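Working notes, beginning with the structure itself.
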Amino acid sequence: MAALTVILIIIIALIVIVAVYIFKTQRELVNLDELCKNALSQISVQLNSRWDAVLNLAKMAARYSKHESETLIKVIRERRVSSPSTPEQVNQQQGALQEVLGRLIAVGEAYPDLKAADLYRETMAGIEKYEENVRLSRMVYNDSATKMNRMVRQWPSSFVASLLNFREKEYLKVDEEKKTYYPDLDEAFKVD
């Protein structure tokens, strides 16, 4: 009888330990999932701020080049996604922003008066600040995704993750052009 009681206590203790582990792991997975969602939301906010700044820049350029600015404003309105919710949408938004911004910089180069305007310079500085914020937010997202992916892939938490339908998170990717871009250091150190 005493042996049966000991076995029963051991079984109950094991069930309690497993239940506590599942409960704890579920809470960690939910926390990491929410961190990933929050990081994507922060990226979305920063991208929208950049789009607003780029739109203001396009409106400024309208005074100098009506045709070019109308085209840019149309492109901005077509390509802007209200709230990217996946890493793929974030990457698409980033590419669209870079394309539009490149065209706006070309307009600024073509019209020195525009480029010299204080509002133009302030707006460009704001765009650069938003770009830095997006970069930092992307780092936070990828860090959160790494933590989530470890929990989802490592045993025994992988068992709980699959049981509760948690999946690996996609990483935000670096723009392929930036990966292959190497600055011309000879030009940078050239003395006139």
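Going by the structure tokens order, chains are called A, B, ..., each with residues numbered from 1, while ligands are numbered from 1 in the order shown.
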Could you pull the residues within 7 Å of range 157-162 of chain A, counting only C-alpha atoms, minus those fewer than 6 positions along the same chain, as a short mmCIF file (atom, residue, chain, number, x, y, z; two decimals) with N, CA, C and O atoms, in the first residue's frame?
data_model
loop_
_atom_site.label_atom_id
_atom_site.label_comp_id
_atom_site.auth_asym_id
_atom_site.auth_seq_id
_atom_site.Cartn_x
_atom_site.Cartn_y
_atom_site.Cartn_z
N ILE A 22 4.47 23.48 -19.29
CA ILE A 22 3.65 23.88 -20.45
C ILE A 22 3.09 25.27 -20.24
O ILE A 22 3.13 26.11 -21.15
N THR A 25 6.03 27.81 -20.57
CA THR A 25 6.48 27.90 -21.96
C THR A 25 5.45 28.64 -22.82
O THR A 25 5.82 29.45 -23.67
N MET A 151 12.85 29.27 -29.35
CA MET A 151 11.85 28.58 -28.52
C MET A 151 11.06 27.57 -29.35
O MET A 151 10.75 26.47 -28.88
#
Spatial neighbours of Trp51 in chain A, max dist 9 Å, only C-alpha atoms, sep filter under 2 positions, as a compact mmCIF listing (two decimals) with N, CA and C atoms, in the first residue's frame:
# COMPACT_ATOMS: atom_id res chain seq x y z
N GLN A 46 7.15 53.96 -38.26
CA GLN A 46 8.29 54.69 -38.81
C GLN A 46 8.21 54.79 -40.33
N LEU A 47 7.77 53.71 -40.99
CA LEU A 47 7.61 53.75 -42.45
C LEU A 47 6.56 54.77 -42.85
N ASN A 48 5.46 54.81 -42.11
CA ASN A 48 4.41 55.79 -42.42
C ASN A 48 4.93 57.21 -42.22
N SER A 49 5.74 57.43 -41.20
CA SER A 49 6.33 58.75 -40.99
C SER A 49 7.25 59.11 -42.16
N ALA A 53 6.92 62.23 -44.82
CA ALA A 53 8.02 63.15 -45.11
C ALA A 53 8.33 63.16 -46.61
N VAL A 54 8.32 62.00 -47.24
CA VAL A 54 8.59 61.92 -48.68
C VAL A 54 7.47 62.62 -49.46
N LEU A 55 6.24 62.47 -49.02
CA LEU A 55 5.12 63.15 -49.68
C LEU A 55 5.28 64.67 -49.56
N ASN A 56 5.68 65.14 -48.38
CA ASN A 56 5.93 66.58 -48.21
C ASN A 56 7.05 67.05 -49.12
N ILE A 76 3.57 57.57 -54.77
CA ILE A 76 3.53 57.48 -53.30
C ILE A 76 2.17 56.97 -52.84
N ARG A 80 2.04 53.09 -51.07
CA ARG A 80 2.01 53.14 -49.61
C ARG A 80 0.98 52.15 -49.10
N LEU A 97 9.94 52.91 -50.95
CA LEU A 97 10.41 54.18 -50.39
C LEU A 97 11.76 54.58 -50.99
N ILE A 127 13.74 62.55 -42.91
CA ILE A 127 13.69 61.25 -43.59
C ILE A 127 14.84 60.36 -43.12
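Relative to CA of Ala19 in chain A, CA of Arg150 in chain A is found at 21.0 Å.
One distance worth recording is that between CA of Ala125 in chain A and CA of Arg50 in chain A, which is 10.8 Å.
Each of A:Val100, A:Glu88, A:Pro156, A:Leu57 was checked against Gly126 in chain A using only C-alpha atoms; the smallest atom-to-atom distance is that of A:Leu57.
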For Leu40 in chain A, find every residue with an atom within 12 Å (counting only C-alpha atoms), except residues of its own chain fewer than 6 positions away, and show them as a list in words. Asp33, Glu34, Gln46, Leu47, Ser83, Pro84, Ser85, Thr86, Pro87, Glu88, Gln89, Val90, Asn91, Val134, Arg135, Leu136, Ser137, Arg138, Met139, Val140, Tyr141, Asn142, Asp143, Ser144, Ala145, Lys169, Glu170, Tyr171 and Leu172 of chain A
Could you write out the selected residues, including N, CA and C atoms, as a PDB file, in the first residue's frame?
ATOM      1  N   ASP A  33       5.874  36.306 -29.148  1.00  0.00           N
ATOM      2  CA  ASP A  33       5.006  36.589 -30.288  1.00  0.00           C
ATOM      3  C   ASP A  33       4.543  38.039 -30.256  1.00  0.00           C
ATOM      4  N   GLU A  34       4.170  38.514 -29.078  1.00  0.00           N
ATOM      5  CA  GLU A  34       3.741  39.901 -28.935  1.00  0.00           C
ATOM      6  C   GLU A  34       4.892  40.874 -29.173  1.00  0.00           C
ATOM      7  N   GLN A  46       7.152  53.956 -38.256  1.00  0.00           N
ATOM      8  CA  GLN A  46       8.292  54.690 -38.808  1.00  0.00           C
ATOM      9  C   GLN A  46       8.210  54.785 -40.331  1.00  0.00           C
ATOM     10  N   LEU A  47       7.771  53.712 -40.988  1.00  0.00           N
ATOM     11  CA  LEU A  47       7.614  53.755 -42.445  1.00  0.00           C
ATOM     12  C   LEU A  47       6.562  54.772 -42.852  1.00  0.00           C
ATOM     13  N   SER A  83      -0.471  49.675 -43.252  1.00  0.00           N
ATOM     14  CA  SER A  83       0.177  49.086 -42.089  1.00  0.00           C
ATOM     15  C   SER A  83       0.755  47.722 -42.447  1.00  0.00           C
ATOM     16  N   PRO A  84       2.034  47.690 -42.840  1.00  0.00           N
ATOM     17  CA  PRO A  84       2.633  46.397 -43.173  1.00  0.00           C
ATOM     18  C   PRO A  84       2.586  45.463 -41.965  1.00  0.00           C
ATOM     19  N   SER A  85       2.123  44.243 -42.176  1.00  0.00           N
ATOM     20  CA  SER A  85       1.970  43.321 -41.045  1.00  0.00           C
ATOM     21  C   SER A  85       2.818  42.059 -41.186  1.00  0.00           C
ATOM     22  N   THR A  86       3.583  41.982 -42.257  1.00  0.00           N
ATOM     23  CA  THR A  86       4.475  40.837 -42.429  1.00  0.00           C
ATOM     24  C   THR A  86       5.855  41.358 -42.824  1.00  0.00           C
ATOM     25  N   PRO A  87       6.882  40.585 -42.570  1.00  0.00           N
ATOM     26  CA  PRO A  87       8.216  41.009 -42.999  1.00  0.00           C
ATOM     27  C   PRO A  87       8.295  41.273 -44.507  1.00  0.00           C
ATOM     28  N   GLU A  88       7.589  40.499 -45.308  1.00  0.00           N
ATOM     29  CA  GLU A  88       7.602  40.696 -46.760  1.00  0.00           C
ATOM     30  C   GLU A  88       7.029  42.070 -47.130  1.00  0.00           C
ATOM     31  N   GLN A  89       5.930  42.473 -46.488  1.00  0.00           N
ATOM     32  CA  GLN A  89       5.347  43.789 -46.755  1.00  0.00           C
ATOM     33  C   GLN A  89       6.283  44.905 -46.312  1.00  0.00           C
ATOM     34  N   VAL A  90       6.968  44.705 -45.204  1.00  0.00           N
ATOM     35  CA  VAL A  90       7.945  45.703 -44.737  1.00  0.00           C
ATOM     36  C   VAL A  90       9.046  45.855 -45.777  1.00  0.00           C
ATOM     37  N   ASN A  91       9.552  44.736 -46.287  1.00  0.00           N
ATOM     38  CA  ASN A  91      10.611  44.788 -47.297  1.00  0.00           C
ATOM     39  C   ASN A  91      10.120  45.474 -48.575  1.00  0.00           C
ATOM     40  N   VAL A 134      13.755  53.145 -38.460  1.00  0.00           N
ATOM     41  CA  VAL A 134      13.339  51.902 -39.117  1.00  0.00           C
ATOM     42  C   VAL A 134      14.434  50.853 -38.968  1.00  0.00           C
ATOM     43  N   ARG A 135      15.683  51.263 -39.157  1.00  0.00           N
ATOM     44  CA  ARG A 135      16.809  50.336 -39.029  1.00  0.00           C
ATOM     45  C   ARG A 135      16.854  49.743 -37.621  1.00  0.00           C
ATOM     46  N   LEU A 136      16.698  50.592 -36.618  1.00  0.00           N
ATOM     47  CA  LEU A 136      16.711  50.101 -35.237  1.00  0.00           C
ATOM     48  C   LEU A 136      15.514  49.193 -34.961  1.00  0.00           C
ATOM     49  N   SER A 137      14.350  49.568 -35.475  1.00  0.00           N
ATOM     50  CA  SER A 137      13.154  48.743 -35.280  1.00  0.00           C
ATOM     51  C   SER A 137      13.300  47.391 -35.976  1.00  0.00           C
ATOM     52  N   ARG A 138      13.953  47.378 -37.131  1.00  0.00           N
ATOM     53  CA  ARG A 138      14.193  46.116 -37.831  1.00  0.00           C
ATOM     54  C   ARG A 138      15.106  45.218 -37.004  1.00  0.00           C
ATOM     55  N   MET A 139      16.110  45.825 -36.368  1.00  0.00           N
ATOM     56  CA  MET A 139      17.011  45.049 -35.512  1.00  0.00           C
ATOM     57  C   MET A 139      16.248  44.450 -34.332  1.00  0.00           C
ATOM     58  N   VAL A 140      15.355  45.243 -33.731  1.00  0.00           N
ATOM     59  CA  VAL A 140      14.558  44.752 -32.600  1.00  0.00           C
ATOM     60  C   VAL A 140      13.673  43.601 -33.058  1.00  0.00           C
ATOM     61  N   TYR A 141      13.041  43.756 -34.236  1.00  0.00           N
ATOM     62  CA  TYR A 141      12.179  42.688 -34.744  1.00  0.00           C
ATOM     63  C   TYR A 141      12.984  41.410 -34.970  1.00  0.00           C
ATOM     64  N   ASN A 142      14.115  41.524 -35.669  1.00  0.00           N
ATOM     65  CA  ASN A 142      14.911  40.324 -35.954  1.00  0.00           C
ATOM     66  C   ASN A 142      15.425  39.677 -34.675  1.00  0.00           C
ATOM     67  N   ASP A 143      15.768  40.481 -33.675  1.00  0.00           N
ATOM     68  CA  ASP A 143      16.194  39.930 -32.386  1.00  0.00           C
ATOM     69  C   ASP A 143      15.043  39.176 -31.719  1.00  0.00           C
ATOM     70  N   SER A 144      13.853  39.769 -31.748  1.00  0.00           N
ATOM     71  CA  SER A 144      12.671  39.108 -31.169  1.00  0.00           C
ATOM     72  C   SER A 144      12.336  37.830 -31.940  1.00  0.00           C
ATOM     73  N   ALA A 145      12.456  37.892 -33.255  1.00  0.00           N
ATOM     74  CA  ALA A 145      12.184  36.705 -34.079  1.00  0.00           C
ATOM     75  C   ALA A 145      13.188  35.598 -33.780  1.00  0.00           C
ATOM     76  N   LYS A 169       9.122  32.679 -36.918  1.00  0.00           N
ATOM     77  CA  LYS A 169       8.899  33.994 -37.517  1.00  0.00           C
ATOM     78  C   LYS A 169       9.880  34.196 -38.655  1.00  0.00           C
ATOM     79  N   GLU A 170       9.416  34.889 -39.673  1.00  0.00           N
ATOM     80  CA  GLU A 170      10.259  35.241 -40.815  1.00  0.00           C
ATOM     81  C   GLU A 170      11.157  36.408 -40.413  1.00  0.00           C
ATOM     82  N   TYR A 171      12.378  36.415 -40.893  1.00  0.00           N
ATOM     83  CA  TYR A 171      13.278  37.527 -40.619  1.00  0.00           C
ATOM     84  C   TYR A 171      13.103  38.617 -41.665  1.00  0.00           C
ATOM     85  N   LEU A 172      13.380  39.851 -41.263  1.00  0.00           N
ATOM     86  CA  LEU A 172      13.439  40.941 -42.225  1.00  0.00           C
ATOM     87  C   LEU A 172      14.784  40.838 -42.934  1.00  0.00           C
TER      88      LEU A 172
END
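In this structure, CA of Ser41 in chain A sits 22.4 Å away from CA of Gln26 in chain A.
Using only C-alpha atoms, the smallest distance between any of A:Ser44, A:Leu29, A:Lys37, A:Ala61 and Ala110 in chain A comes from A:Ala61.
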